[in-house]
>>> print(open('start-v1.csv').read())   # CSV, C-alpha atoms
chain,number,residue,atom,x,y,z
A,62,LYS,CA,-2.3,19.2,22.2
A,63,LEU,CA,-1.8,21.6,19.2
A,64,TYR,CA,-5.5,21.9,18.6
A,65,LEU,CA,-6.2,22.6,22.3
A,66,ALA,CA,-3.4,25.2,22.3
A,67,LEU,CA,-5.0,26.9,19.3
A,68,PHE,CA,-8.7,26.6,20.2
A,69,GLY,CA,-8.9,25.9,23.9
A,70,GLN,CA,-11.2,22.9,23.7
A,71,PHE,CA,-12.4,20.2,21.4
A,72,ASP,CA,-15.5,21.1,19.4
A,73,PHE,CA,-16.4,18.1,17.3
A,74,ALA,CA,-19.1,20.0,15.5
A,75,SER,CA,-16.7,22.7,14.4
A,76,PRO,CA,-15.6,22.8,10.7
A,77,PHE,CA,-12.1,23.8,12.1
A,78,PHE,CA,-11.9,20.5,14.0
A,79,THR,CA,-12.9,18.6,10.9
A,80,LEU,CA,-10.3,20.4,8.8
A,81,PHE,CA,-7.6,20.0,11.5
A,82,VAL,CA,-8.2,16.2,11.6
A,83,LYS,CA,-8.2,15.8,7.8
A,84,LEU,CA,-5.3,18.2,7.1
A,85,PRO,CA,-2.5,15.6,7.5
A,86,GLY,CA,-4.1,13.3,4.9
A,87,ILE,CA,-4.8,16.2,2.5
A,88,ALA,CA,-1.2,17.4,2.8
A,89,GLY,CA,-0.1,13.8,2.2
A,90,ASP,CA,-2.2,13.8,-1.1
A,91,PHE,CA,-0.1,16.8,-2.3
A,92,LEU,CA,3.1,15.1,-1.3
A,93,LEU,CA,2.1,11.9,-3.1
A,94,ALA,CA,1.1,13.8,-6.2
A,95,TRP,CA,4.5,15.6,-6.2
A,96,THR,CA,6.4,12.3,-5.8
A,97,VAL,CA,4.3,10.7,-8.6
A,98,TRP,CA,4.9,13.7,-10.9
A,99,ARG,CA,8.7,13.6,-10.1
A,100,PHE,CA,8.9,9.9,-10.8
A,101,ALA,CA,6.7,10.0,-13.9
A,102,ARG,CA,8.6,13.0,-15.4
A,103,ARG,CA,11.8,10.9,-15.2
A,104,LEU,CA,10.0,7.9,-16.7
A,105,ALA,CA,8.0,9.4,-19.5
A,106,GLY,CA,8.6,13.2,-19.8
A,107,GLU,CA,7.2,16.5,-18.6
A,108,PHE,CA,3.6,16.3,-19.8
A,109,PRO,CA,3.0,12.7,-18.8
A,110,GLY,CA,4.5,13.6,-15.4
A,111,LEU,CA,2.0,16.5,-14.9
A,112,LEU,CA,-0.8,14.3,-16.1
A,113,ALA,CA,0.2,11.6,-13.6
A,114,GLY,CA,0.5,14.1,-10.7
A,115,PHE,CA,-3.0,15.6,-11.3
A,116,SER,CA,-4.4,12.1,-11.8
A,117,ILE,CA,-3.3,11.1,-8.4
A,118,LEU,CA,-4.4,14.4,-6.8
A,119,PHE,CA,-7.9,14.1,-8.2
A,120,HIS,CA,-8.2,10.3,-8.1
A,121,PRO,CA,-11.7,9.5,-6.6
A,122,ALA,CA,-10.4,6.9,-4.2
A,123,ILE,CA,-7.4,9.0,-3.1
A,124,PHE,CA,-9.6,12.0,-2.6
A,125,TYR,CA,-12.1,9.9,-0.7
A,126,VAL,CA,-9.6,8.4,1.8
A,127,SER,CA,-8.2,11.7,2.9
A,128,ALA,CA,-10.7,14.5,2.2
A,129,VAL,CA,-13.8,12.5,3.1
A,130,TRP,CA,-12.6,9.8,5.5
A,131,GLY,CA,-9.7,11.8,7.0
A,132,GLN,CA,-7.2,8.9,6.8
A,133,THR,CA,-3.4,9.4,6.2
A,134,ASP,CA,-2.5,6.6,3.9
A,135,SER,CA,-1.1,9.1,1.4
A,136,LEU,CA,1.8,9.8,3.6
A,137,HIS,CA,3.4,6.3,3.8
A,138,SER,CA,2.4,5.8,0.1
A,139,ALA,CA,4.4,8.9,-0.9
A,140,PHE,CA,7.5,7.6,0.9
A,141,LEU,CA,7.1,4.2,-0.8
A,142,VAL,CA,6.9,5.9,-4.2
A,143,MET,CA,10.1,7.9,-3.3
A,144,ALA,CA,11.7,4.6,-2.2
A,145,ILE,CA,11.0,2.9,-5.5
A,146,ASP,CA,11.9,6.0,-7.5
A,147,SER,CA,15.3,5.9,-5.8
A,148,LEU,CA,15.6,2.2,-6.3
A,149,THR,CA,15.1,2.4,-10.1
A,150,ALA,CA,17.7,5.2,-10.1
A,151,GLN,CA,20.2,2.9,-8.3
A,152,LYS,CA,20.3,5.2,-5.3
A,153,PHE,CA,20.1,2.4,-2.7
A,154,PRO,CA,20.9,4.3,0.6
A,155,GLN,CA,18.3,6.9,-0.3
A,156,SER,CA,15.8,4.2,-1.2
A,157,TRP,CA,16.1,2.6,2.2
A,158,ILE,CA,15.8,5.9,4.0
A,159,PHE,CA,12.5,6.6,2.3
A,160,TRP,CA,11.3,3.1,3.0
A,161,LEU,CA,12.1,3.5,6.7
A,162,LEU,CA,10.1,6.7,6.8
A,163,ALA,CA,7.2,4.8,5.2
A,164,VAL,CA,7.4,2.0,7.8
A,165,LEU,CA,7.5,4.6,10.6
A,166,SER,CA,4.4,6.2,9.1
A,167,LYS,CA,2.5,2.9,8.7
A,168,LEU,CA,3.8,-0.6,9.5
A,169,GLN,CA,2.2,-2.2,6.4
A,170,SER,CA,4.9,-0.5,4.3
A,171,ILE,CA,7.0,-3.6,5.2
A,172,ALA,CA,5.3,-5.2,2.2
A,173,LEU,CA,8.0,-3.8,-0.1
A,174,LEU,CA,10.9,-4.9,2.1
A,175,PRO,CA,11.5,-8.1,0.0
A,176,LEU,CA,11.9,-6.0,-3.2
A,177,LEU,CA,14.4,-3.6,-1.7
A,178,ALA,CA,16.3,-6.4,-0.1
A,179,LEU,CA,16.6,-8.4,-3.3
A,180,ARG,CA,17.6,-5.5,-5.5
A,181,THR,CA,20.2,-4.3,-2.9
A,182,TRP,CA,21.6,-7.9,-2.6
A,183,ARG,CA,21.9,-8.4,-6.4
A,184,GLU,CA,23.3,-5.0,-7.1
A,185,ARG,CA,25.5,-4.3,-4.0
A,186,GLY,CA,26.1,-7.8,-2.5
A,187,ALA,CA,25.1,-9.6,0.7
A,188,LEU,CA,27.5,-7.6,3.0
A,189,ASN,CA,26.1,-4.3,1.8
A,190,LEU,CA,22.5,-5.6,2.3
A,191,ALA,CA,23.4,-6.7,5.9
A,192,ALA,CA,25.0,-3.3,6.6
A,193,THR,CA,22.0,-1.5,5.1
A,194,LEU,CA,19.5,-3.5,7.3
A,195,LEU,CA,21.5,-2.8,10.4
A,196,ALA,CA,21.7,0.9,9.6
A,197,ALA,CA,17.9,0.9,9.0
A,198,ILE,CA,17.3,-0.8,12.4
A,199,PHE,CA,19.5,1.7,14.2
A,200,ALA,CA,18.0,4.7,12.4
A,201,GLY,CA,14.5,3.5,13.3
A,202,ILE,CA,15.6,3.1,17.0
A,203,ALA,CA,17.1,6.6,16.9
A,204,LEU,CA,14.0,8.2,15.3
A,205,THR,CA,11.7,6.6,17.9
A,206,LEU,CA,14.0,7.2,20.8
A,207,PRO,CA,12.2,10.3,22.1
A,208,PHE,CA,9.0,8.3,22.3
A,209,THR,CA,10.7,5.3,23.9
A,210,LEU,CA,12.4,7.4,26.6
A,211,ALA,CA,9.1,9.1,27.4
A,212,HIS,CA,7.2,5.7,27.6
A,213,PRO,CA,9.6,2.8,27.4
A,214,LEU,CA,7.1,0.1,26.3
A,215,ALA,CA,4.4,2.2,24.7
A,216,LEU,CA,5.7,1.8,21.1
A,217,TRP,CA,6.2,-1.9,21.4
A,218,ASN,CA,2.8,-2.4,23.0
A,219,SER,CA,1.2,-0.2,20.3
A,220,LEU,CA,2.8,-2.5,17.6
A,221,LEU,CA,1.5,-5.6,19.3
A,222,TRP,CA,-1.9,-4.1,19.8
A,223,ASN,CA,-2.2,-3.1,16.2
A,224,ALA,CA,-1.1,-6.5,15.0
A,225,SER,CA,-3.7,-8.3,17.2
A,226,ARG,CA,-6.7,-6.0,17.7
A,227,PHE,CA,-8.5,-7.1,14.6
A,228,PRO,CA,-8.2,-11.0,14.5
A,229,PHE,CA,-10.7,-11.4,11.7
A,230,LEU,CA,-10.5,-13.2,8.3
A,231,THR,CA,-10.9,-9.7,6.7
A,232,LEU,CA,-11.6,-6.3,8.2
A,233,ASN,CA,-13.8,-5.0,5.3
A,234,ALA,CA,-11.2,-5.8,2.6
A,235,ILE,CA,-12.7,-7.6,-0.4
A,236,ASN,CA,-9.9,-10.1,-0.8
A,237,ILE,CA,-9.6,-13.9,-1.1
A,238,TRP,CA,-11.1,-14.3,2.4
A,239,TRP,CA,-14.2,-12.4,1.6
A,240,PRO,CA,-16.5,-15.2,0.5
A,241,LEU,CA,-15.6,-17.4,3.6
A,242,ASP,CA,-16.1,-14.4,5.9
A,243,ARG,CA,-19.5,-13.7,4.4
A,244,ALA,CA,-20.5,-17.4,4.6
A,245,LEU,CA,-19.6,-17.3,8.3
A,246,GLY,CA,-21.7,-14.2,8.9
A,247,GLY,CA,-19.0,-11.5,8.8
A,248,PHE,CA,-16.1,-10.7,11.0
A,249,ALA,CA,-15.2,-14.3,11.4
A,250,PRO,CA,-12.0,-15.0,13.5
A,251,ASP,CA,-8.9,-15.9,11.6
A,252,THR,CA,-8.0,-18.4,14.2
A,253,ILE,CA,-10.4,-21.0,12.7
A,254,TYR,CA,-8.6,-24.2,11.8
A,255,PHE,CA,-8.7,-26.0,8.5
A,256,LEU,CA,-6.4,-28.7,9.7
A,257,PRO,CA,-4.9,-29.4,13.2
A,258,ASP,CA,-2.4,-26.6,13.9
A,259,VAL,CA,-3.2,-24.9,10.5
A,260,SER,CA,-5.3,-21.8,11.1
A,261,ALA,CA,-6.7,-19.4,8.5
A,262,ARG,CA,-4.1,-16.8,9.7
A,263,LEU,CA,-1.3,-19.3,9.0
A,264,VAL,CA,-2.7,-20.1,5.6
A,265,GLY,CA,-2.9,-16.4,4.8
A,266,LEU,CA,0.7,-15.8,5.8
A,267,ALA,CA,1.8,-18.8,3.7
A,268,LEU,CA,0.0,-17.6,0.6
A,269,TRP,CA,1.5,-14.2,1.1
A,270,ALA,CA,5.0,-15.7,1.4
A,271,LEU,CA,4.4,-17.7,-1.8
A,272,ALA,CA,3.2,-14.6,-3.6
A,273,ILE,CA,6.4,-12.8,-2.6
A,274,VAL,CA,8.6,-15.7,-3.8
A,275,LEU,CA,6.7,-15.8,-7.1
A,276,VAL,CA,7.3,-12.1,-7.7
A,277,LEU,CA,10.9,-12.1,-6.7
A,278,LEU,CA,11.7,-15.2,-8.8
A,279,ARG,CA,10.4,-13.5,-11.8
A,280,LEU,CA,12.4,-10.4,-11.3
A,281,ARG,CA,15.6,-10.2,-13.4
A,282,ARG,CA,19.0,-9.1,-12.3
A,283,ASN,CA,19.5,-5.4,-13.2
A,284,ALA,CA,15.7,-5.1,-13.5
A,285,SER,CA,14.4,-2.2,-15.5
A,286,GLY,CA,12.2,0.6,-14.0
A,287,THR,CA,9.1,-1.0,-15.6
A,288,GLU,CA,9.9,-4.4,-14.1
A,289,THR,CA,10.6,-2.9,-10.7
A,290,LEU,CA,7.3,-0.9,-10.8
A,291,ALA,CA,5.4,-4.1,-11.8
A,292,ALA,CA,7.0,-6.0,-8.9
A,293,ALA,CA,6.2,-3.2,-6.4
A,294,ALA,CA,2.5,-3.1,-7.5
A,295,ALA,CA,2.3,-6.9,-7.4
A,296,LEU,CA,3.7,-6.9,-3.8
A,297,ALA,CA,1.2,-4.2,-2.8
A,298,LEU,CA,-1.6,-6.2,-4.3
A,299,ALA,CA,-0.4,-9.5,-2.6
A,300,PHE,CA,-0.3,-7.8,0.8
A,301,PHE,CA,-4.0,-6.8,0.3
A,302,LEU,CA,-5.1,-10.1,-1.2
A,303,PHE,CA,-3.7,-13.0,0.8
A,304,PRO,CA,-3.1,-12.3,4.5
A,305,THR,CA,-6.0,-12.1,7.0
A,306,GLN,CA,-6.9,-9.0,9.0
A,307,MET,CA,-6.8,-6.7,6.0
A,308,HIS,CA,-8.4,-3.3,6.0
A,309,GLU,CA,-10.1,-1.9,2.9
A,310,ARG,CA,-7.6,1.0,2.7
A,311,TYR,CA,-4.5,-1.3,2.4
A,312,LEU,CA,-5.0,-1.4,-1.4
A,313,TYR,CA,-3.9,2.3,-1.4
A,314,PRO,CA,-0.2,2.0,-2.3
A,315,ALA,CA,-0.9,-0.1,-5.4
A,316,VAL,CA,-2.7,2.8,-7.1
A,317,PRO,CA,0.3,5.2,-7.6
A,318,PHE,CA,2.6,2.3,-8.7
A,319,LEU,CA,0.0,1.1,-11.2
A,320,LEU,CA,-0.4,4.7,-12.6
A,321,LEU,CA,3.3,5.0,-13.1
A,322,LEU,CA,3.5,1.5,-14.7
A,323,ALA,CA,0.7,2.5,-17.1
A,324,LEU,CA,2.9,5.3,-18.5
A,325,LYS,CA,5.2,2.6,-19.8
A,326,ARG,CA,2.9,-0.3,-20.6
A,327,ARG,CA,-0.6,-0.2,-22.3
A,328,LEU,CA,-1.8,-3.2,-20.2
A,329,GLY,CA,-1.0,-1.1,-17.1
A,330,TRP,CA,-3.9,1.2,-17.9
A,331,LEU,CA,-6.3,-1.7,-17.8
A,332,ILE,CA,-4.9,-2.9,-14.5
A,333,PHE,CA,-4.8,0.6,-13.1
A,334,GLY,CA,-8.5,1.2,-14.1
A,335,ALA,CA,-9.7,-2.1,-12.6
A,336,VAL,CA,-7.9,-1.7,-9.3
A,337,SER,CA,-9.0,1.9,-9.0
A,338,ILE,CA,-12.7,0.9,-9.5
A,339,ILE,CA,-12.4,-2.0,-7.1
A,340,PHE,CA,-10.7,0.2,-4.5
A,341,MET,CA,-13.4,2.9,-4.7
A,342,VAL,CA,-16.2,0.2,-4.5
A,343,ASN,CA,-14.5,-1.3,-1.4
A,344,LEU,CA,-14.3,2.1,0.3
A,345,THR,CA,-17.9,3.1,-0.4
A,346,VAL,CA,-19.2,-0.2,0.7
A,347,VAL,CA,-17.6,0.3,4.1
A,348,LEU,CA,-18.4,4.0,4.3
A,349,PRO,CA,-21.3,4.8,1.8
A,350,LEU,CA,-21.1,8.1,0.0
A,351,PHE,CA,-22.9,11.0,1.7
A,352,SER,CA,-23.8,8.9,4.7
A,353,ARG,CA,-22.4,8.6,8.2
A,354,GLN,CA,-23.8,5.1,8.5
A,355,ALA,CA,-21.1,2.5,7.8
A,356,ALA,CA,-22.0,-0.6,5.8
A,357,MET,CA,-19.8,-2.9,7.8
A,358,SER,CA,-22.7,-4.2,9.8
A,359,GLY,CA,-24.7,-5.1,6.7
A,360,ALA,CA,-26.3,-1.6,6.2
A,361,THR,CA,-26.3,-1.8,2.4
A,362,PRO,CA,-27.4,-4.7,0.1
A,363,VAL,CA,-24.1,-4.5,-1.7
A,364,TRP,CA,-22.3,-5.7,1.3
A,365,ASN,CA,-23.8,-9.2,1.1
A,366,ALA,CA,-24.4,-9.4,-2.6
A,367,PRO,CA,-22.8,-12.6,-4.2
A,368,GLY,CA,-21.7,-10.5,-7.2
A,369,ILE,CA,-19.2,-8.6,-5.1
A,370,ASN,CA,-16.9,-11.7,-5.4
A,371,ILE,CA,-16.0,-10.6,-8.9
A,372,PHE,CA,-13.9,-7.8,-7.4
A,373,TRP,CA,-11.4,-10.0,-5.5
A,374,LEU,CA,-11.3,-12.4,-8.5
A,375,ALA,CA,-10.4,-9.5,-10.7
A,376,LEU,CA,-7.7,-8.4,-8.3
A,377,LEU,CA,-6.3,-11.9,-8.4
A,378,VAL,CA,-6.1,-11.7,-12.2
A,379,CYS,CA,-4.4,-8.3,-11.9
A,380,PHE,CA,-1.8,-9.8,-9.5
A,381,PHE,CA,-0.8,-12.5,-12.0
A,382,LEU,CA,-0.7,-10.1,-14.8
A,383,LEU,CA,1.7,-7.9,-12.8
A,384,VAL,CA,3.8,-10.9,-12.0
A,385,ARG,CA,4.1,-11.6,-15.7
A,386,MET,CA,5.0,-7.9,-16.4
A,387,SER,CA,7.7,-8.0,-13.7
A,388,ARG,CA,9.8,-10.0,-16.2
A,389,GLU,CA,9.9,-8.3,-19.6
A,390,GLY,CA,10.8,-9.8,-22.9
A,391,ARG,CA,13.9,-8.8,-24.8
A,392,LYS,CA,12.0,-6.4,-27.2
A,393,GLU,CA,10.5,-4.6,-24.2
A,394,LYS,CA,13.9,-4.2,-22.6
A,395,ILE,CA,15.3,-2.7,-25.9
A,396,ALA,CA,12.3,-0.4,-26.1
A,397,ASP,CA,13.0,0.9,-22.6
A,398,LYS,CA,16.6,1.6,-23.5
A,399,ILE,CA,15.6,3.5,-26.6
A,400,ASN,CA,13.1,5.6,-24.7
A,401,ALA,CA,15.7,6.3,-22.0
>>> encode(input="start-v1.csv", output="structure tokens")
Amino acid sequence: KLYLALFGQFDFASPFFTLFVKLPGIAGDFLLAWTVWRFARRLAGEFPGLLAGFSILFHPAIFYVSAVWGQTDSLHSAFLVMAIDSLTAQKFPQSWIFWLLAVLSKLQSIALLPLLALRTWRERGALNLAATLLAAIFAGIALTLPFTLAHPLALWNSLLWNASRFPFLTLNAINIWWPLDRALGGFAPDTIYFLPDVSARLVGLALWALAIVLVLLRLRRNASGTETLAAAAALALAFFLFPTQMHERYLYPAVPFLLLLALKRRLGWLIFGAVSIIFMVNLTVVLPLFSRQAAMSGATPVWNAPGINIFWLALLVCFFLLVRMSREGRKEKIADKINA
């Protein structure tokens, strides 16, 4: 409606239309860079903060998703970074507000709910957690009320549609389901059964639940900022790796968390570099550079190359390394206190 009010009609060949479509994602990039800078400055100082902010702004995969593809994953990722920043600063109500904004931006932000819930419960108690969850539910209802009043079932139908419109083992995401999906010819349904009443979808959800439990069991009471960042990155990776129906872009939130983690742990640089490369490869396999022809139908040889399996295996290794980092040793805890 805004575009029509400004220009009168849609002109898909116009550079103004292209800019208009991509502007929210590009604006989200700047918001994400600002939130990373703010968080990194608190973690490691002014210069590392600036370095982290510019690293996100000019990160090839981040740039590709918004400026080339026109997607808006940077918006919900920025809110997630704000949520974890507030969580590490013990600002629990503020953390939940940012998380709610992230969920309202993109539903997959729910991946970090277990971390917020656990930290709130441990630090503030079960009653405070219950009150916070209720407040978040009512706030979400209030924020979506104008849309609900205009179209009572539209929001609910949209959520159901988004959760069911891609019932495949993987929707271009190079995760644990990739080799099976390729073996079955691509875009295989996730309703295939391994055992009676045990579908691939159910197995994926069970593996995701196990990954969440593994991360949360490792997390200490009064976890440090580094531990919380490692847990957030691990949960973001787990969401991409284990459930079915994953898009290639769902690896996005892990990137800023890993960059922030790398400022505190040397091993974090290795994981950040590996995930960044894999993310960029996954994006360009789906939408090749400088080409309008997507590879999802097998347009490039890379798509069906057996060697591509090394990428999801590397992500799996990164996940377990992050799980290990989410519970630091005593010396690392002391080092964090000295740095603070």
>>> closest_atom_pairs(input="start-v1.csv", of="stretch 82-159 of chain A", to="stretch 74-78 of chain A", cutoff="12 Å", atoms="all atoms listed in the file", output="tab-separated table")
residue	atom	partner	partner_atom	distance
A:Val82	CA	A:Phe78	CA	6.2
A:Lys83	CA	A:Phe78	CA	8.6
A:Leu84	CA	A:Phe78	CA	9.8
A:Gly131	CA	A:Phe78	CA	11.4
>>> write_last_selection(input="start-v1.csv", atoms="C-alpha atoms", output="mmCIF file, in the coordinates of the input")
data_model
loop_
_atom_site.group_PDB
_atom_site.id
_atom_site.type_symbol
_atom_site.label_atom_id
_atom_site.label_comp_id
_atom_site.auth_asym_id
_atom_site.auth_seq_id
_atom_site.Cartn_x
_atom_site.Cartn_y
_atom_site.Cartn_z
ATOM 1 C CA VAL A 82 -8.200 16.200 11.600
ATOM 2 C CA LYS A 83 -8.200 15.800 7.800
ATOM 3 C CA LEU A 84 -5.300 18.200 7.100
ATOM 4 C CA GLY A 131 -9.700 11.800 7.000
#
>>> residues_around(input="start-v1.csv", residues="stretch 224-235 of chain A", least_positions_apart="5", cutoff="6 Å", atoms="all atoms listed in the file", output="list in words")
Phe248, Ala249, Pro250, Asp251, Thr305, Gln306, Met307, His308, Glu309 and Trp373 of chain A
>>> closest_residue(input="start-v1.csv", among="A:Leu298, A:Ala267, A:Ala291, A:Ala323", to="A:Glu389", atoms="all atoms listed in the file")
A:Ala291
>>> closest_residue(input="start-v1.csv", among="A:Trp239, A:Phe318, A:Phe381, A:Phe255", to="A:Ile117", atoms="all atoms listed in the file")
A:Phe318
>>> residues_near_point(input="start-v1.csv", point="(10.8, 4.0, -6.2)", cutoff="10 Å", atoms="all atoms listed in the file", output="PyMOL selection string")
chain A and resi 96-97+100+139-152+155-156+159-160+177+286+289-290+293+318
>>> closest_residue(input="start-v1.csv", among="A:Pro109, A:Pro207, A:Pro154, A:Pro349", to="A:Leu194", atoms="all atoms listed in the file")
A:Pro154
>>> atom_distance(input="start-v1.csv", atom1="atom CA of A:Ser116", atom2="atom CA of A:Leu277")
29.1 Å
>>> atom_distance(input="start-v1.csv", atom1="atom CA of A:Ser260", atom2="atom CA of A:Ala299")
19.1 Å
>>> closest_atom_pairs(input="start-v1.csv", of="stretch 240-311 of chain A", to="stretch 169-174 of chain A", cutoff="7 Å", atoms="only C-alpha atoms", output="JSON lines")
{"residue": "A:Ala293", "atom": "CA", "partner": "A:Leu173", "partner_atom": "CA", "distance": 6.6}
{"residue": "A:Leu296", "atom": "CA", "partner": "A:Ala172", "partner_atom": "CA", "distance": 6.4}
{"residue": "A:Ala297", "atom": "CA", "partner": "A:Ala172", "partner_atom": "CA", "distance": 6.5}
{"residue": "A:Phe300", "atom": "CA", "partner": "A:Ala172", "partner_atom": "CA", "distance": 6.3}
>>> decode(input="start-v1.csv", residues="stretch 211-285 of chain A", atoms="C-alpha atoms", output="PDB file, in the first residue's frame")
ATOM      1  CA  ALA A 211      -9.468  -6.773  11.189  1.00  0.00           C
ATOM      2  CA  HIS A 212      -9.305 -10.472  10.241  1.00  0.00           C
ATOM      3  CA  PRO A 213     -10.150 -12.690  13.263  1.00  0.00           C
ATOM      4  CA  LEU A 214      -8.632 -15.951  11.987  1.00  0.00           C
ATOM      5  CA  ALA A 215      -6.043 -14.587   9.561  1.00  0.00           C
ATOM      6  CA  LEU A 216      -3.114 -14.649  12.005  1.00  0.00           C
ATOM      7  CA  TRP A 217      -3.892 -18.140  13.279  1.00  0.00           C
ATOM      8  CA  ASN A 218      -4.389 -19.472   9.734  1.00  0.00           C
ATOM      9  CA  SER A 219      -1.122 -17.859   8.689  1.00  0.00           C
ATOM     10  CA  LEU A 220       0.747 -19.610  11.514  1.00  0.00           C
ATOM     11  CA  LEU A 221      -0.791 -22.977  10.601  1.00  0.00           C
ATOM     12  CA  TRP A 222      -0.059 -22.414   6.927  1.00  0.00           C
ATOM     13  CA  ASN A 223       3.578 -21.517   7.566  1.00  0.00           C
ATOM     14  CA  ALA A 224       4.014 -24.572   9.791  1.00  0.00           C
ATOM     15  CA  SER A 225       2.610 -26.967   7.195  1.00  0.00           C
ATOM     16  CA  ARG A 226       3.231 -25.539   3.718  1.00  0.00           C
ATOM     17  CA  PHE A 227       6.688 -27.133   3.321  1.00  0.00           C
ATOM     18  CA  PRO A 228       6.263 -30.723   4.614  1.00  0.00           C
ATOM     19  CA  PHE A 229       9.695 -31.862   3.394  1.00  0.00           C
ATOM     20  CA  LEU A 230      12.683 -33.500   5.071  1.00  0.00           C
ATOM     21  CA  THR A 231      14.627 -30.331   4.349  1.00  0.00           C
ATOM     22  CA  LEU A 232      13.769 -27.227   2.406  1.00  0.00           C
ATOM     23  CA  ASN A 233      17.289 -26.542   1.048  1.00  0.00           C
ATOM     24  CA  ALA A 234      18.971 -26.647   4.473  1.00  0.00           C
ATOM     25  CA  ILE A 235      22.155 -28.734   4.531  1.00  0.00           C
ATOM     26  CA  ASN A 236      21.393 -30.440   7.840  1.00  0.00           C
ATOM     27  CA  ILE A 237      21.209 -34.048   9.105  1.00  0.00           C
ATOM     28  CA  TRP A 238      18.302 -34.787   6.745  1.00  0.00           C
ATOM     29  CA  TRP A 239      20.247 -33.745   3.671  1.00  0.00           C
ATOM     30  CA  PRO A 240      21.727 -37.149   2.663  1.00  0.00           C
ATOM     31  CA  LEU A 241      18.374 -38.953   3.033  1.00  0.00           C
ATOM     32  CA  ASP A 242      16.572 -36.235   1.089  1.00  0.00           C
ATOM     33  CA  ARG A 243      19.138 -36.438  -1.736  1.00  0.00           C
ATOM     34  CA  ALA A 244      18.910 -40.232  -1.772  1.00  0.00           C
ATOM     35  CA  LEU A 245      15.125 -39.951  -2.199  1.00  0.00           C
ATOM     36  CA  GLY A 246      15.472 -37.479  -5.080  1.00  0.00           C
ATOM     37  CA  GLY A 247      15.015 -34.178  -3.243  1.00  0.00           C
ATOM     38  CA  PHE A 248      12.059 -32.537  -1.502  1.00  0.00           C
ATOM     39  CA  ALA A 249      11.070 -35.850   0.058  1.00  0.00           C
ATOM     40  CA  PRO A 250       8.081 -35.604   2.448  1.00  0.00           C
ATOM     41  CA  ASP A 251       8.868 -35.661   6.154  1.00  0.00           C
ATOM     42  CA  THR A 252       5.834 -37.898   6.709  1.00  0.00           C
ATOM     43  CA  ILE A 253       7.772 -41.002   5.652  1.00  0.00           C
ATOM     44  CA  TYR A 254       7.770 -43.632   8.405  1.00  0.00           C
ATOM     45  CA  PHE A 255      10.814 -45.375   9.860  1.00  0.00           C
ATOM     46  CA  LEU A 256       8.639 -47.427  12.230  1.00  0.00           C
ATOM     47  CA  PRO A 257       4.849 -47.644  12.705  1.00  0.00           C
ATOM     48  CA  ASP A 258       3.668 -44.239  13.954  1.00  0.00           C
ATOM     49  CA  VAL A 259       7.265 -42.898  13.921  1.00  0.00           C
ATOM     50  CA  SER A 260       7.661 -40.427  11.059  1.00  0.00           C
ATOM     51  CA  ALA A 261      10.736 -38.461  10.062  1.00  0.00           C
ATOM     52  CA  ARG A 262       9.028 -35.336  11.372  1.00  0.00           C
ATOM     53  CA  LEU A 263       8.587 -36.931  14.799  1.00  0.00           C
ATOM     54  CA  VAL A 264      12.196 -38.144  14.824  1.00  0.00           C
ATOM     55  CA  GLY A 265      13.388 -34.623  13.964  1.00  0.00           C
ATOM     56  CA  LEU A 266      11.373 -33.072  16.783  1.00  0.00           C
ATOM     57  CA  ALA A 267      12.641 -35.712  19.220  1.00  0.00           C
ATOM     58  CA  LEU A 268      16.267 -35.058  18.233  1.00  0.00           C
ATOM     59  CA  TRP A 269      15.702 -31.318  18.614  1.00  0.00           C
ATOM     60  CA  ALA A 270      14.205 -31.866  22.091  1.00  0.00           C
ATOM     61  CA  LEU A 271      17.186 -34.034  23.049  1.00  0.00           C
ATOM     62  CA  ALA A 272      19.579 -31.335  21.843  1.00  0.00           C
ATOM     63  CA  ILE A 273      17.767 -28.715  23.948  1.00  0.00           C
ATOM     64  CA  VAL A 274      17.941 -30.938  27.035  1.00  0.00           C
ATOM     65  CA  LEU A 275      21.659 -31.559  26.419  1.00  0.00           C
ATOM     66  CA  VAL A 276      22.387 -27.825  26.205  1.00  0.00           C
ATOM     67  CA  LEU A 277      20.319 -26.901  29.254  1.00  0.00           C
ATOM     68  CA  LEU A 278      21.709 -29.707  31.414  1.00  0.00           C
ATOM     69  CA  ARG A 279      25.213 -28.434  30.753  1.00  0.00           C
ATOM     70  CA  LEU A 280      24.359 -24.845  31.679  1.00  0.00           C
ATOM     71  CA  ARG A 281      25.378 -23.832  35.193  1.00  0.00           C
ATOM     72  CA  ARG A 282      23.319 -21.893  37.667  1.00  0.00           C
ATOM     73  CA  ASN A 283      24.425 -18.243  37.468  1.00  0.00           C
ATOM     74  CA  ALA A 284      25.942 -18.969  34.041  1.00  0.00           C
ATOM     75  CA  SER A 285      28.489 -16.465  32.775  1.00  0.00           C
TER      76      SER A 285
END
